[in-house]
2 protein chains.
Amino acid sequence: MGVEIERKFLLAGDGWRAAVERTQAMAQGYLNDLDVLAGGGQKASIRVRIEGEAAFLNIKSAQAGPSRLEFDYPVPVEDARQLLDLCVGGLVRKQRHYVRHGGHLWEIDEFEGENAGLVVAEIELDAVDEAFACPDWLGAEVTELRRYYNLALADRPYSQWSEAERAGADA
Amino acid sequence: MGVEIERKFLLAGDGWRAAVERTQAMAQGYLNDLDVLAGGGQKASIRVRIEGEAAFLNIKSAQAGPSRLEFDYPVPVEDARQLLDLCVGGLVRKQRHYVRHGGHLWEIDEFEGENAGLVVAEIELDAVDEAFACPDWLGAEVTELRRYYNLALADRPYSQWSEAERAGADA
């Protein structure tokens with residue numbers, strides 16, 4: 001379907017809240033073995049997501065880093081509810097806030113439940129080295145840190161992280 | 001989407017060939033870890049299949065036996081080609097022959113490539129104990145034998161089976 005290029009950052013403050021255009025509640029889980037990023041046999045993650053009255057099945061190639069092959073298909077919400085029961089690990093729940101800055105649309109995920117306290121900002125780019133305006137609420141980049149993957153949060157939620165891990169250290 | 005109830009048999013002869021209504025070439029692979037049936041963490045298989053000019057993404061709950069929860073979604077063939085590259089293990093290729101007998105439609109899968117030599121007949125039923133007319137070309141039932149699952153054939157193809165396994169023994 002396409003190649004997804006995405007960079008992920010921590011937040012340096014709450015300045016983004018005043019610029020939120022829209023907020024969407026999301027619940028998602030993974031059908032694949034959660035050690036897919038640890039170099040097991042699998043080459044893709046398979047995600048089930050319900051967002052409001054819509055639901056999607058999403059497949060991404062499993063390499064770490066900013067660029068991945070991605071496929072996204074709408075499915076009936078009732079199917080998605082049953083599929084979430086077939087998922088491995090915990091469900092990841094979040095509020096996704098959309099914030100426009102300097103011509104780009106940022107997705108700011110404010111996690112809930114076992115991942116409450118974690119907030120990350122994502123930007124989708126057309127090229128790995130594409131320039132973008134850096135808002136003053138943007139913190140350290142964590143694109144390469146696997147524990148920030150939603151997939152990893154289903155396995156080991158933020159509530160189980162050490163202080164060093166929460167600080168964004170490369171632990 | 002629904003519950004699939006399916007029974008699977010070996011073939012006792014070639015008598016079915018004269019009754020084939022239609023034959024469809026299929027190539028399929030699995031995105032999930034192939035030990036899903038061995039009691040690992042995963043609860044579902046995720047299959048990609050191309051059949052002629054159509055392609056489907058299929059998700060089945062992973063318990064062994066005749067009854068499983070099943071979801072099937074059409075996807076673009078070009079997507080399916082890329083998804084097959086993300087599959088684990090070998091691709092399973094087969095000719096599926098459709099044969100009508102006593103009011104039921106049988107699917108007779110004649111495997112190719114690494115699984116050449118294996119032929120199995122499947123019947124889809126509305127209930128686990130539903131009666132059906134038994135054609136004289138039907139051999140031993142193998143519904144409960146995991147090595148006959150297409151998923152298992154992607155991991156350990158028929159060419160690697162022992163003589164006892166090929167005879168349909170519960171090995």
# chains A, B, ... in the order shown; residues from 1 in each chain; ligands from 1
call {"tool": "interface_residues", "arguments": {"of": "chain A", "to": "chain B", "cutoff": "6 Å", "atoms": "only C-alpha atoms", "output": "PyMOL selection string"}}
result
chain A and resi 1+32-33+42-43+79+86+88
call {"tool": "calpha_fit_and_write", "arguments": {"fixed": "chain B", "moving": "chain A", "output": "tab-separated table (two decimals) with C-alpha atoms, in the first residue's frame"}}
result
chain	number	residue	atom	x	y	z
A	1	MET	CA	-17.28	-12.46	10.80
A	2	GLY	CA	-18.32	-16.01	11.46
A	3	VAL	CA	-17.50	-19.45	12.79
A	4	GLU	CA	-15.89	-21.85	10.33
A	5	ILE	CA	-16.66	-25.55	10.78
A	6	GLU	CA	-14.57	-27.70	8.48
A	7	ARG	CA	-13.64	-31.39	8.26
A	8	LYS	CA	-10.65	-32.64	6.31
A	9	PHE	CA	-9.99	-36.04	4.70
A	10	LEU	CA	-7.40	-37.88	2.65
A	11	LEU	CA	-8.45	-39.24	-0.76
A	12	ALA	CA	-9.03	-42.96	-1.38
A	13	GLY	CA	-8.80	-42.66	-5.16
A	14	ASP	CA	-9.04	-40.43	-8.20
A	15	GLY	CA	-12.80	-40.90	-8.73
A	16	TRP	CA	-13.43	-37.25	-7.81
A	17	ARG	CA	-11.55	-35.93	-10.86
A	18	ALA	CA	-14.41	-36.70	-13.26
A	19	ALA	CA	-16.75	-34.56	-11.12
A	20	VAL	CA	-14.64	-31.38	-10.90
A	21	GLU	CA	-16.79	-28.31	-11.62
A	22	ARG	CA	-14.06	-25.69	-11.44
A	23	THR	CA	-10.37	-25.44	-10.53
A	24	GLN	CA	-8.66	-22.41	-9.02
A	25	ALA	CA	-4.88	-21.90	-8.55
A	26	MET	CA	-3.97	-20.50	-5.13
A	27	ALA	CA	-0.78	-19.21	-3.49
A	28	GLN	CA	-0.78	-18.38	0.18
A	29	GLY	CA	1.45	-17.56	3.13
A	30	TYR	CA	1.20	-16.61	6.81
A	31	LEU	CA	2.21	-13.38	8.54
A	32	ASN	CA	2.05	-14.93	12.01
A	33	ASP	CA	4.60	-16.97	13.88
A	34	LEU	CA	4.16	-20.50	12.50
A	35	ASP	CA	4.20	-22.14	15.95
A	36	VAL	CA	0.83	-20.50	16.67
A	37	LEU	CA	-0.80	-23.93	17.03
A	38	ALA	CA	1.86	-25.17	19.44
A	39	GLY	CA	0.41	-23.11	22.26
A	40	GLY	CA	2.60	-20.01	22.00
A	41	GLY	CA	1.31	-16.55	22.88
A	42	GLN	CA	-0.59	-15.93	19.66
A	43	LYS	CA	-4.29	-16.71	19.35
A	44	ALA	CA	-4.80	-16.38	15.59
A	45	SER	CA	-3.29	-17.13	12.19
A	46	ILE	CA	-3.10	-14.36	9.58
A	47	ARG	CA	-3.14	-15.67	6.01
A	48	VAL	CA	-2.49	-13.86	2.71
A	49	ARG	CA	-3.94	-15.64	-0.34
A	50	ILE	CA	-3.91	-14.85	-4.05
A	51	GLU	CA	-6.46	-16.80	-6.11
A	52	GLY	CA	-6.48	-15.78	-9.76
A	53	GLU	CA	-7.27	-12.06	-10.00
A	54	ALA	CA	-8.46	-11.81	-6.39
A	55	ALA	CA	-6.64	-11.68	-3.06
A	56	PHE	CA	-7.74	-12.01	0.55
A	57	LEU	CA	-6.48	-11.43	4.05
A	58	ASN	CA	-7.85	-14.10	6.39
A	59	ILE	CA	-7.72	-14.34	10.17
A	60	LYS	CA	-8.63	-17.51	12.04
A	61	SER	CA	-8.60	-18.24	15.74
A	62	ALA	CA	-5.86	-20.77	16.43
A	63	GLN	CA	-7.46	-23.68	18.25
A	64	ALA	CA	-7.08	-27.07	16.53
A	65	GLY	CA	-10.12	-29.08	15.46
A	66	PRO	CA	-13.16	-28.49	13.25
A	67	SER	CA	-14.54	-25.16	14.57
A	68	ARG	CA	-12.78	-21.80	14.39
A	69	LEU	CA	-13.66	-18.10	14.37
A	70	GLU	CA	-12.89	-16.74	10.89
A	71	PHE	CA	-12.59	-13.31	9.24
A	72	ASP	CA	-11.94	-12.81	5.52
A	73	TYR	CA	-11.29	-9.49	3.77
A	74	PRO	CA	-10.56	-8.77	0.09
A	75	VAL	CA	-7.35	-6.80	-0.54
A	76	PRO	CA	-5.76	-5.51	-3.78
A	77	VAL	CA	-3.69	-8.23	-5.51
A	78	GLU	CA	-0.71	-5.85	-5.67
A	79	ASP	CA	-0.86	-5.44	-1.86
A	80	ALA	CA	-1.09	-9.22	-1.49
A	81	ARG	CA	2.07	-9.71	-3.55
A	82	GLN	CA	3.97	-7.40	-1.17
A	83	LEU	CA	2.35	-9.02	1.87
A	84	LEU	CA	3.48	-12.49	0.69
A	85	ASP	CA	7.06	-11.14	0.94
A	86	LEU	CA	6.41	-10.41	4.64
A	87	CYS	CA	5.24	-13.98	5.29
A	88	VAL	CA	7.08	-16.47	7.48
A	89	GLY	CA	8.21	-19.84	6.06
A	90	GLY	CA	7.46	-21.07	2.55
A	91	LEU	CA	4.55	-20.20	0.30
A	92	VAL	CA	1.91	-22.90	-0.07
A	93	ARG	CA	0.78	-23.38	-3.68
A	94	LYS	CA	-2.12	-25.57	-4.74
A	95	GLN	CA	-4.86	-26.19	-7.26
A	96	ARG	CA	-8.24	-26.14	-5.55
A	97	HIS	CA	-10.85	-28.33	-7.28
A	98	TYR	CA	-14.55	-27.86	-6.50
A	99	VAL	CA	-16.64	-31.05	-6.50
A	100	ARG	CA	-20.36	-31.25	-5.63
A	101	HIS	CA	-21.59	-34.43	-3.94
A	102	GLY	CA	-24.88	-35.13	-2.15
A	103	GLY	CA	-25.76	-31.45	-1.71
A	104	HIS	CA	-22.37	-30.41	-0.35
A	105	LEU	CA	-19.53	-28.62	-2.12
A	106	TRP	CA	-16.16	-30.32	-1.55
A	107	GLU	CA	-12.89	-28.45	-1.92
A	108	ILE	CA	-10.13	-30.79	-3.02
A	109	ASP	CA	-6.67	-29.24	-2.65
A	110	GLU	CA	-3.95	-30.70	-4.83
A	111	PHE	CA	-0.70	-29.21	-3.53
A	112	GLU	CA	2.31	-28.21	-5.61
A	113	GLY	CA	5.99	-27.38	-5.07
A	114	GLU	CA	7.37	-28.58	-1.72
A	115	ASN	CA	3.96	-30.09	-0.94
A	116	ALA	CA	3.49	-31.94	-4.26
A	117	GLY	CA	1.91	-35.37	-3.77
A	118	LEU	CA	-0.44	-34.25	-1.02
A	119	VAL	CA	-4.16	-34.13	-1.85
A	120	VAL	CA	-6.85	-33.41	0.77
A	121	ALA	CA	-10.61	-32.93	0.61
A	122	GLU	CA	-12.41	-30.40	2.82
A	123	ILE	CA	-16.08	-29.94	3.54
A	124	GLU	CA	-17.57	-26.90	5.25
A	125	LEU	CA	-20.48	-27.68	7.59
A	126	ASP	CA	-23.08	-25.69	9.51
A	127	ALA	CA	-22.59	-27.75	12.68
A	128	VAL	CA	-19.81	-30.00	13.99
A	129	ASP	CA	-22.14	-33.02	13.93
A	130	GLU	CA	-23.88	-32.24	10.62
A	131	ALA	CA	-24.40	-35.39	8.52
A	132	PHE	CA	-23.15	-35.54	4.94
A	133	ALA	CA	-23.15	-38.08	2.10
A	134	CYS	CA	-19.80	-39.85	2.01
A	135	PRO	CA	-18.39	-40.14	-1.54
A	136	ASP	CA	-16.58	-43.39	-2.38
A	137	TRP	CA	-13.33	-41.52	-3.09
A	138	LEU	CA	-13.11	-40.27	0.51
A	139	GLY	CA	-10.28	-41.61	2.70
A	140	ALA	CA	-9.30	-41.24	6.36
A	141	GLU	CA	-10.27	-38.14	8.31
A	142	VAL	CA	-7.35	-35.88	9.31
A	143	THR	CA	-9.25	-32.89	10.76
A	144	GLU	CA	-7.43	-33.15	14.09
A	145	LEU	CA	-3.92	-33.68	12.66
A	146	ARG	CA	-2.09	-30.37	12.73
A	147	ARG	CA	0.53	-31.26	10.11
A	148	TYR	CA	-2.24	-31.12	7.47
A	149	TYR	CA	-3.03	-27.47	8.28
A	150	ASN	CA	-1.88	-25.23	5.44
A	151	LEU	CA	-0.16	-23.22	8.17
A	152	ALA	CA	1.87	-26.29	9.14
A	153	LEU	CA	2.66	-27.01	5.46
A	154	ALA	CA	4.27	-23.54	5.20
A	155	ASP	CA	6.61	-24.55	8.02
A	156	ARG	CA	7.21	-28.23	7.33
A	157	PRO	CA	6.12	-29.24	3.81
A	158	TYR	CA	4.95	-32.70	2.72
A	159	SER	CA	8.37	-33.41	1.13
A	160	GLN	CA	9.81	-33.57	4.68
A	161	TRP	CA	7.22	-35.99	6.08
A	162	SER	CA	8.01	-39.59	7.08
A	163	GLU	CA	6.31	-42.56	5.38
A	164	ALA	CA	4.12	-43.07	8.47
A	165	GLU	CA	3.06	-39.42	8.41
A	166	ARG	CA	2.19	-39.63	4.72
A	167	ALA	CA	0.03	-42.69	5.40
A	168	GLY	CA	-2.17	-40.49	7.60
A	169	ALA	CA	-1.03	-42.09	10.84
A	170	ASP	CA	-1.49	-40.08	14.01
A	171	ALA	CA	2.28	-39.49	14.26
call {"tool": "select_by_dssp", "arguments": {"residues": "chain A", "states": "alpha helix (DSSP H)", "output": "ChimeraX atom specification"}}
result
/A:77-85,150-155,163-166
call {"tool": "write_last_selection", "arguments": {"atoms": "N, CA and C atoms", "output": "PDB file, in the first residue's frame"}}
result
ATOM      1  N   VAL A  77     -16.604  -2.520  12.676  1.00  0.00           N
ATOM      2  CA  VAL A  77     -16.261  -2.338  14.095  1.00  0.00           C
ATOM      3  C   VAL A  77     -16.584  -3.603  14.895  1.00  0.00           C
ATOM      4  N   GLU A  78     -17.678  -4.280  14.537  1.00  0.00           N
ATOM      5  CA  GLU A  78     -18.058  -5.498  15.277  1.00  0.00           C
ATOM      6  C   GLU A  78     -16.993  -6.585  15.096  1.00  0.00           C
ATOM      7  N   ASP A  79     -16.446  -6.713  13.879  1.00  0.00           N
ATOM      8  CA  ASP A  79     -15.321  -7.634  13.654  1.00  0.00           C
ATOM      9  C   ASP A  79     -14.147  -7.229  14.530  1.00  0.00           C
ATOM     10  N   ALA A  80     -13.848  -5.921  14.549  1.00  0.00           N
ATOM     11  CA  ALA A  80     -12.675  -5.437  15.287  1.00  0.00           C
ATOM     12  C   ALA A  80     -12.783  -5.769  16.776  1.00  0.00           C
ATOM     13  N   ARG A  81     -14.003  -5.662  17.311  1.00  0.00           N
ATOM     14  CA  ARG A  81     -14.188  -6.010  18.725  1.00  0.00           C
ATOM     15  C   ARG A  81     -13.806  -7.462  18.980  1.00  0.00           C
ATOM     16  N   GLN A  82     -14.220  -8.364  18.074  1.00  0.00           N
ATOM     17  CA  GLN A  82     -13.875  -9.783  18.227  1.00  0.00           C
ATOM     18  C   GLN A  82     -12.378 -10.007  17.996  1.00  0.00           C
ATOM     19  N   LEU A  83     -11.815  -9.269  17.044  1.00  0.00           N
ATOM     20  CA  LEU A  83     -10.390  -9.411  16.751  1.00  0.00           C
ATOM     21  C   LEU A  83      -9.539  -8.941  17.932  1.00  0.00           C
ATOM     22  N   LEU A  84     -10.003  -7.902  18.649  1.00  0.00           N
ATOM     23  CA  LEU A  84      -9.244  -7.431  19.821  1.00  0.00           C
ATOM     24  C   LEU A  84      -9.139  -8.543  20.868  1.00  0.00           C
ATOM     25  N   ASP A  85     -10.163  -9.421  20.920  1.00  0.00           N
ATOM     26  CA  ASP A  85     -10.112 -10.548  21.861  1.00  0.00           C
ATOM     27  C   ASP A  85      -9.064 -11.582  21.462  1.00  0.00           C
ATOM     28  N   ASN A 150       3.980   1.381  19.918  1.00  0.00           N
ATOM     29  CA  ASN A 150       2.714   0.950  20.507  1.00  0.00           C
ATOM     30  C   ASN A 150       2.712  -0.562  20.725  1.00  0.00           C
ATOM     31  N   LEU A 151       3.333  -1.272  19.791  1.00  0.00           N
ATOM     32  CA  LEU A 151       3.493  -2.725  19.908  1.00  0.00           C
ATOM     33  C   LEU A 151       4.201  -3.100  21.201  1.00  0.00           C
ATOM     34  N   ALA A 152       5.261  -2.378  21.524  1.00  0.00           N
ATOM     35  CA  ALA A 152       6.019  -2.645  22.753  1.00  0.00           C
ATOM     36  C   ALA A 152       5.200  -2.277  23.986  1.00  0.00           C
ATOM     37  N   LEU A 153       4.373  -1.229  23.859  1.00  0.00           N
ATOM     38  CA  LEU A 153       3.537  -0.786  24.994  1.00  0.00           C
ATOM     39  C   LEU A 153       2.452  -1.814  25.320  1.00  0.00           C
ATOM     40  N   ALA A 154       2.061  -2.631  24.327  1.00  0.00           N
ATOM     41  CA  ALA A 154       1.083  -3.699  24.572  1.00  0.00           C
ATOM     42  C   ALA A 154       1.720  -4.806  25.410  1.00  0.00           C
ATOM     43  N   ASP A 155       3.027  -4.940  25.285  1.00  0.00           N
ATOM     44  CA  ASP A 155       3.764  -6.002  25.975  1.00  0.00           C
ATOM     45  C   ASP A 155       4.279  -5.533  27.336  1.00  0.00           C
ATOM     46  N   GLU A 163      12.773   4.797  35.962  1.00  0.00           N
ATOM     47  CA  GLU A 163      12.871   6.266  35.874  1.00  0.00           C
ATOM     48  C   GLU A 163      13.734   6.688  34.682  1.00  0.00           C
ATOM     49  N   ALA A 164      14.837   5.979  34.470  1.00  0.00           N
ATOM     50  CA  ALA A 164      15.743   6.309  33.357  1.00  0.00           C
ATOM     51  C   ALA A 164      15.028   6.129  32.020  1.00  0.00           C
ATOM     52  N   GLU A 165      14.242   5.060  31.917  1.00  0.00           N
ATOM     53  CA  GLU A 165      13.508   4.813  30.677  1.00  0.00           C
ATOM     54  C   GLU A 165      12.484   5.920  30.433  1.00  0.00           C
ATOM     55  N   ARG A 166      11.822   6.342  31.509  1.00  0.00           N
ATOM     56  CA  ARG A 166      10.807   7.398  31.353  1.00  0.00           C
ATOM     57  C   ARG A 166      11.424   8.732  30.941  1.00  0.00           C
TER      58      ARG A 166
END
call {"tool": "select_by_dssp", "arguments": {"residues": "stretch 10-135 of chain B", "states": "strand (DSSP E)", "output": "PyMOL selection string"}}
result
chain B and resi 10-11+20-30+44-51+54-61+67-74+88-101+104-111+119-125
